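Here is entry.tsv, consisting of TSV, C-alpha atoms:
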chain	number	residue	atom	x	y	z
A	1	MET	CA	6.71	8.09	22.17
A	2	VAL	CA	4.59	8.19	19.01
A	3	ALA	CA	5.14	5.65	16.22
A	4	LYS	CA	4.70	7.11	12.74
A	5	VAL	CA	3.13	4.96	10.03
A	6	TYR	CA	3.25	6.30	6.49
A	7	ILE	CA	0.77	4.89	3.97
A	8	VAL	CA	2.19	5.56	0.52
A	9	TYR	CA	0.12	4.75	-2.56
A	10	TYR	CA	-0.45	5.19	-6.27
A	11	SER	CA	-4.04	5.07	-7.48
A	12	MET	CA	-5.25	5.80	-10.99
A	13	TYR	CA	-9.00	5.24	-10.52
A	14	GLY	CA	-9.36	5.57	-6.75
A	15	HIS	CA	-9.60	1.94	-5.61
A	16	VAL	CA	-6.20	1.83	-3.89
A	17	GLU	CA	-6.82	5.29	-2.42
A	18	LYS	CA	-9.97	3.99	-0.71
A	19	LEU	CA	-8.00	1.12	0.81
A	20	ALA	CA	-5.33	3.58	1.96
A	21	GLN	CA	-7.87	5.70	3.83
A	22	GLU	CA	-9.28	2.64	5.58
A	23	ILE	CA	-5.79	1.42	6.48
A	24	LYS	CA	-5.13	4.85	7.99
A	25	LYS	CA	-8.23	4.49	10.19
A	26	GLY	CA	-7.01	1.10	11.37
A	27	ALA	CA	-3.52	2.37	12.15
A	28	GLU	CA	-4.88	5.35	14.07
A	29	SER	CA	-7.05	3.06	16.19
A	30	VAL	CA	-3.84	1.94	17.91
A	31	GLU	CA	-2.92	4.17	20.82
A	32	GLY	CA	0.42	5.88	20.38
A	33	VAL	CA	0.39	5.64	16.57
A	34	GLU	CA	0.19	8.52	14.12
A	35	ALA	CA	-0.69	7.66	10.50
A	36	LYS	CA	-0.35	9.78	7.39
A	37	VAL	CA	-1.42	9.09	3.81
A	38	TRP	CA	0.84	10.07	0.90
A	39	GLN	CA	0.78	9.48	-2.84
A	40	VAL	CA	3.63	9.12	-5.30
A	41	ALA	CA	3.98	11.40	-8.28
A	42	GLU	CA	2.17	10.66	-11.52
A	43	THR	CA	4.44	9.97	-14.48
A	44	LEU	CA	1.86	10.03	-17.26
A	45	PRO	CA	1.00	13.32	-19.00
A	46	GLU	CA	-2.48	14.81	-18.51
A	47	GLU	CA	-3.33	14.11	-22.16
A	48	VAL	CA	-2.78	10.38	-21.68
A	49	LEU	CA	-4.63	10.31	-18.36
A	50	GLY	CA	-7.57	12.03	-20.05
A	51	LYS	CA	-7.71	9.36	-22.74
A	52	MET	CA	-7.70	6.74	-19.98
A	53	TYR	CA	-10.63	8.51	-18.25
A	54	ALA	CA	-8.62	8.80	-15.06
A	55	PRO	CA	-10.27	11.08	-12.48
A	56	PRO	CA	-8.35	13.97	-10.85
A	57	LYS	CA	-5.89	13.05	-8.12
A	58	THR	CA	-6.77	13.57	-4.46
A	59	ASP	CA	-5.15	16.26	-2.34
A	60	ALA	CA	-2.93	13.75	-0.53
A	61	PRO	CA	0.62	15.17	-0.46
A	62	ILE	CA	3.20	13.77	-2.87
A	63	ILE	CA	5.99	12.08	-0.97
A	64	THR	CA	9.70	12.46	-1.65
A	65	PRO	CA	12.23	9.67	-1.04
A	66	ASP	CA	13.81	11.44	1.95
A	67	GLU	CA	10.45	11.68	3.70
A	68	LEU	CA	10.34	7.88	3.94
A	69	THR	CA	13.03	8.05	6.61
A	70	GLU	CA	10.67	9.91	8.96
A	71	ALA	CA	8.38	6.89	9.30
A	72	ASP	CA	8.68	4.05	11.78
A	73	GLY	CA	6.69	1.82	9.44
A	74	LEU	CA	5.68	1.99	5.76
A	75	LEU	CA	2.71	0.50	3.93
A	76	PHE	CA	2.89	0.70	0.14
A	77	GLY	CA	-0.22	0.42	-2.05
A	78	PHE	CA	-0.68	0.19	-5.81
A	79	PRO	CA	-2.75	-1.41	-8.57
A	80	THR	CA	-1.29	-4.24	-10.58
A	81	ARG	CA	0.20	-4.04	-14.06
A	82	PHE	CA	0.61	-7.55	-15.45
A	83	GLY	CA	1.09	-9.00	-11.96
A	84	MET	CA	3.56	-6.36	-10.74
A	85	MET	CA	3.54	-2.82	-9.38
A	86	PRO	CA	2.87	-0.07	-11.94
A	87	ALA	CA	5.60	2.05	-13.49
A	88	GLN	CA	4.60	5.08	-11.43
A	89	PHE	CA	5.40	3.36	-8.15
A	90	LYS	CA	8.48	1.65	-9.54
A	91	ALA	CA	9.76	5.04	-10.71
A	92	PHE	CA	9.39	6.35	-7.17
A	93	LEU	CA	11.24	3.39	-5.67
A	94	ASP	CA	13.92	3.72	-8.35
A	95	SER	CA	14.53	7.23	-7.00
A	96	THR	CA	15.43	5.88	-3.53
A	97	GLY	CA	18.98	4.97	-4.55
A	98	GLY	CA	20.44	7.46	-2.11
A	99	LEU	CA	18.55	5.83	0.75
A	100	TRP	CA	19.71	2.41	-0.42
A	101	ARG	CA	23.33	3.55	-0.49
A	102	THR	CA	23.18	4.57	3.19
A	103	GLN	CA	20.67	1.83	4.14
A	104	ALA	CA	18.54	4.56	5.72
A	105	LEU	CA	15.43	2.37	5.62
A	106	ALA	CA	17.06	-0.79	6.98
A	107	GLY	CA	15.16	-2.35	9.86
A	108	LYS	CA	11.91	-0.51	9.18
A	109	PRO	CA	8.77	-2.69	8.92
A	110	ALA	CA	6.87	-2.49	5.64
A	111	GLY	CA	3.88	-4.08	3.94
A	112	PHE	CA	1.71	-3.95	0.83
A	113	PHE	CA	-1.88	-3.53	-0.31
A	114	TYR	CA	-3.15	-3.59	-3.87
A	115	SER	CA	-5.93	-3.66	-6.45
A	116	THR	CA	-6.39	-5.94	-9.46
A	117	SER	CA	-9.04	-6.13	-12.15
A	118	ALA	CA	-10.14	-9.71	-11.48
A	119	GLN	CA	-9.47	-12.94	-9.63
A	120	GLY	CA	-6.17	-14.42	-10.74
A	121	SER	CA	-4.95	-11.02	-11.93
A	122	GLY	CA	-2.15	-10.63	-9.42
A	123	GLN	CA	-3.58	-10.52	-5.90
A	124	GLU	CA	-0.51	-12.39	-4.67
A	125	THR	CA	2.12	-11.82	-7.37
A	126	THR	CA	1.82	-8.04	-7.16
A	127	ALA	CA	2.97	-8.15	-3.55
A	128	LEU	CA	5.35	-11.07	-4.05
A	129	THR	CA	7.28	-9.33	-6.82
A	130	ALA	CA	7.45	-6.11	-4.77
A	131	ILE	CA	9.25	-7.78	-1.88
A	132	THR	CA	12.56	-7.41	-3.75
A	133	GLN	CA	12.35	-3.65	-3.14
A	134	LEU	CA	12.20	-4.21	0.61
A	135	VAL	CA	15.02	-6.75	0.56
A	136	HIS	CA	17.50	-4.39	-1.08
A	137	HIS	CA	16.65	-1.69	1.44
A	138	GLY	CA	17.00	-4.12	4.36
A	139	MET	CA	13.39	-3.58	5.39
A	140	ILE	CA	11.26	-6.08	7.32
A	141	PHE	CA	8.28	-7.44	5.39
A	142	VAL	CA	5.16	-7.66	7.57
A	143	PRO	CA	2.38	-9.70	5.92
A	144	ILE	CA	-1.02	-10.04	7.58
A	145	GLY	CA	-0.97	-13.82	7.31
A	146	TYR	CA	-4.35	-15.16	8.41
A	147	THR	CA	-4.75	-12.78	11.36
A	148	PHE	CA	-8.04	-11.51	9.88
A	149	GLY	CA	-9.61	-14.80	10.92
A	150	ALA	CA	-12.79	-16.08	9.26
A	151	GLY	CA	-12.79	-13.20	6.79
A	152	MET	CA	-9.78	-14.75	5.07
A	153	PHE	CA	-11.83	-17.85	4.25
A	154	GLU	CA	-14.95	-16.12	2.91
A	155	MET	CA	-16.36	-18.08	-0.04
A	156	GLU	CA	-19.82	-16.60	-0.53
A	157	GLN	CA	-18.69	-13.31	-2.04
A	158	VAL	CA	-15.91	-12.04	-4.24
A	159	LYS	CA	-13.12	-10.79	-1.99
A	160	GLY	CA	-9.72	-9.30	-2.70
A	161	GLY	CA	-6.73	-9.57	-0.39
A	162	SER	CA	-4.43	-12.39	0.63
A	163	PRO	CA	-1.96	-13.27	3.39
A	164	TYR	CA	0.35	-10.72	1.74
A	165	GLY	CA	-1.99	-7.79	2.43
A	166	ALA	CA	-5.34	-6.13	1.85
A	167	GLY	CA	-6.68	-6.00	-1.68
A	168	THR	CA	-9.68	-5.27	-3.83
A	169	TYR	CA	-11.05	-6.10	-7.27
A	170	ALA	CA	-11.78	-3.19	-9.60
A	171	GLY	CA	-13.41	-5.14	-12.41
A	172	ASP	CA	-13.95	-2.75	-15.32
A	173	GLY	CA	-13.35	0.10	-12.90
A	174	SER	CA	-16.93	0.46	-11.74
A	175	ARG	CA	-16.65	-1.98	-8.83
A	176	GLN	CA	-15.65	-0.35	-5.54
A	177	PRO	CA	-14.06	-2.02	-2.48
A	178	SER	CA	-16.62	-4.09	-0.60
A	179	GLU	CA	-17.32	-3.82	3.12
A	180	LEU	CA	-15.33	-6.99	3.69
A	181	GLU	CA	-12.36	-5.67	1.71
A	182	LEU	CA	-12.48	-2.39	3.63
A	183	ALA	CA	-12.63	-4.33	6.90
A	184	LEU	CA	-9.51	-6.24	5.86
A	185	ALA	CA	-7.79	-2.95	5.05
A	186	PHE	CA	-8.71	-1.57	8.48
A	187	HIS	CA	-7.37	-4.76	10.05
A	188	GLN	CA	-4.09	-4.49	8.15
A	189	GLY	CA	-3.63	-0.91	9.33
A	190	LYS	CA	-4.32	-1.86	12.95
A	191	TYR	CA	-2.21	-5.01	12.86
A	192	PHE	CA	0.73	-3.33	11.15
A	193	ALA	CA	0.62	-0.29	13.42
A	194	GLY	CA	0.80	-2.55	16.46
A	195	ILE	CA	3.96	-4.17	15.15
A	196	ALA	CA	5.53	-0.83	14.16
A	197	LYS	CA	4.82	0.47	17.65
A	198	LYS	CA	6.42	-2.57	19.29
A	199	LEU	CA	9.53	-2.32	17.15
A	200	LYS	CA	9.90	1.39	17.88
A	201	GLY	CA	9.48	0.72	21.59
A	202	SER	CA	12.20	-1.93	21.58
A	203	ALA	CA	14.68	0.17	19.63
Just give me the structure as structure tokens.
Amino acid sequence: MVAKVYIVYYSMYGHVEKLAQEIKKGAESVEGVEAKVWQVAETLPEEVLGKMYAPPKTDAPIITPDELTEADGLLFGFPTRFGMMPAQFKAFLDSTGGLWRTQALAGKPAGFFYSTSAQGSGQETTALTAITQLVHHGMIFVPIGYTFGAGMFEMEQVKGGSPYGAGTYAGDGSRQPSELELALAFHQGKYFAGIAKKLKGSA
């Protein structure tokens, strides 16, 4: 019995996408787990994206609300906008009203990962404010806590992430996820996949 983990993200400059790929590797390291990466649809016109110097999107498939029901576990990733998820991801979740009405996602485990520009720019609030989406769908929030061990207490280098989930700092956009941040993302994927597998097995 294979447990399906869907990693659903929005990424404007590629930072969250890099975390998503590493999370996928972590999830797939768990025997009996199948992971797939998806992105949500862009809501900004190409003209605006061009003025923001946003690179082309990846070839990850664009998910529809109904496809969420196929997964045994869902990890949602996005950059922050003033300490909350961006409008693109919120627009996608706003389109899940039909799933909410039937509580089709109730009981499914879910978690978050994210990117912010700097320290204090929403590494915790971005995930914290997103939990309301899970609550209304009856989903089970799965944080990583401090299961990453010593890496959670690293003080010698700048490190994104928190007990809520994996994270990275983008700075002015030129900074890319560090090895430690990617290791945390891999850990989140592995840890979350293990829980999704257990829950599916006990169903």
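Minimum distance to A:Met12 across A:Ala118, A:Ala196, A:Ala87, A:Ala203 (counting only C-alpha atoms) occurs at A:Ala87.
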For this session: Tell me, as a ChimeraX atom specification, which residues lie within 10 Å of stretch 16-20 of chain A, counting all atoms listed in the file; anything in the same chain fewer than 5 positions away does not count.
Result: /A:7-11,25-26,36-39,57-58,60,75-79,113-116,166-170,176-177,181-186,189
_Within 10 Å of (3.8, -2.3, 12.9) (file coordinates; all atoms listed in the file), which protein or nucleic acid residues are there? I'd like them as a list in words._
Ala3, Lys4, Val5, Ala27, Val33, Asp72, Gly73, Leu74, Leu75, Lys108, Pro109, Ala110, Gly111, Val142, Gln188, Gly189, Lys190, Tyr191, Phe192, Ala193, Gly194, Ile195, Ala196, Lys197, Lys198, Leu199 and Lys200 of chain A
_For A:Ala127: contacts at 10 Å, only C-alpha atoms, fewer than 3 positions along chain excluded, given as a PyMOL selection string_ = chain A and resi 76-78+80+83-85+111-114+122-124+130-132+143+162-165
Would you mind exporting C-alpha atoms of the selected residues as an mmCIF file, in the coordinates of the input?
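Below you can see out35.cif, which holds the result:
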data_model
loop_
_atom_site.group_PDB
_atom_site.id
_atom_site.type_symbol
_atom_site.label_atom_id
_atom_site.label_comp_id
_atom_site.auth_asym_id
_atom_site.auth_seq_id
_atom_site.Cartn_x
_atom_site.Cartn_y
_atom_site.Cartn_z
ATOM 1 C CA PHE A 76 2.890 0.700 0.140
ATOM 2 C CA GLY A 77 -0.220 0.420 -2.050
ATOM 3 C CA PHE A 78 -0.680 0.190 -5.810
ATOM 4 C CA THR A 80 -1.290 -4.240 -10.580
ATOM 5 C CA GLY A 83 1.090 -9.000 -11.960
ATOM 6 C CA MET A 84 3.560 -6.360 -10.740
ATOM 7 C CA MET A 85 3.540 -2.820 -9.380
ATOM 8 C CA GLY A 111 3.880 -4.080 3.940
ATOM 9 C CA PHE A 112 1.710 -3.950 0.830
ATOM 10 C CA PHE A 113 -1.880 -3.530 -0.310
ATOM 11 C CA TYR A 114 -3.150 -3.590 -3.870
ATOM 12 C CA GLY A 122 -2.150 -10.630 -9.420
ATOM 13 C CA GLN A 123 -3.580 -10.520 -5.900
ATOM 14 C CA GLU A 124 -0.510 -12.390 -4.670
ATOM 15 C CA ALA A 130 7.450 -6.110 -4.770
ATOM 16 C CA ILE A 131 9.250 -7.780 -1.880
ATOM 17 C CA THR A 132 12.560 -7.410 -3.750
ATOM 18 C CA PRO A 143 2.380 -9.700 5.920
ATOM 19 C CA SER A 162 -4.430 -12.390 0.630
ATOM 20 C CA PRO A 163 -1.960 -13.270 3.390
ATOM 21 C CA TYR A 164 0.350 -10.720 1.740
ATOM 22 C CA GLY A 165 -1.990 -7.790 2.430
#
Between atom CA of A:Pro86 and atom CA of A:Lys159 lies a distance of 21.7 Å
Which residues are near A:Gln103? Cut-off 9 Å, only C-alpha atoms, ignore same chain within fewer than 6 positions. Put them as a list of chain:residue names.
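Within the cut-off, the hits are A:His136, A:His137, A:Gly138.
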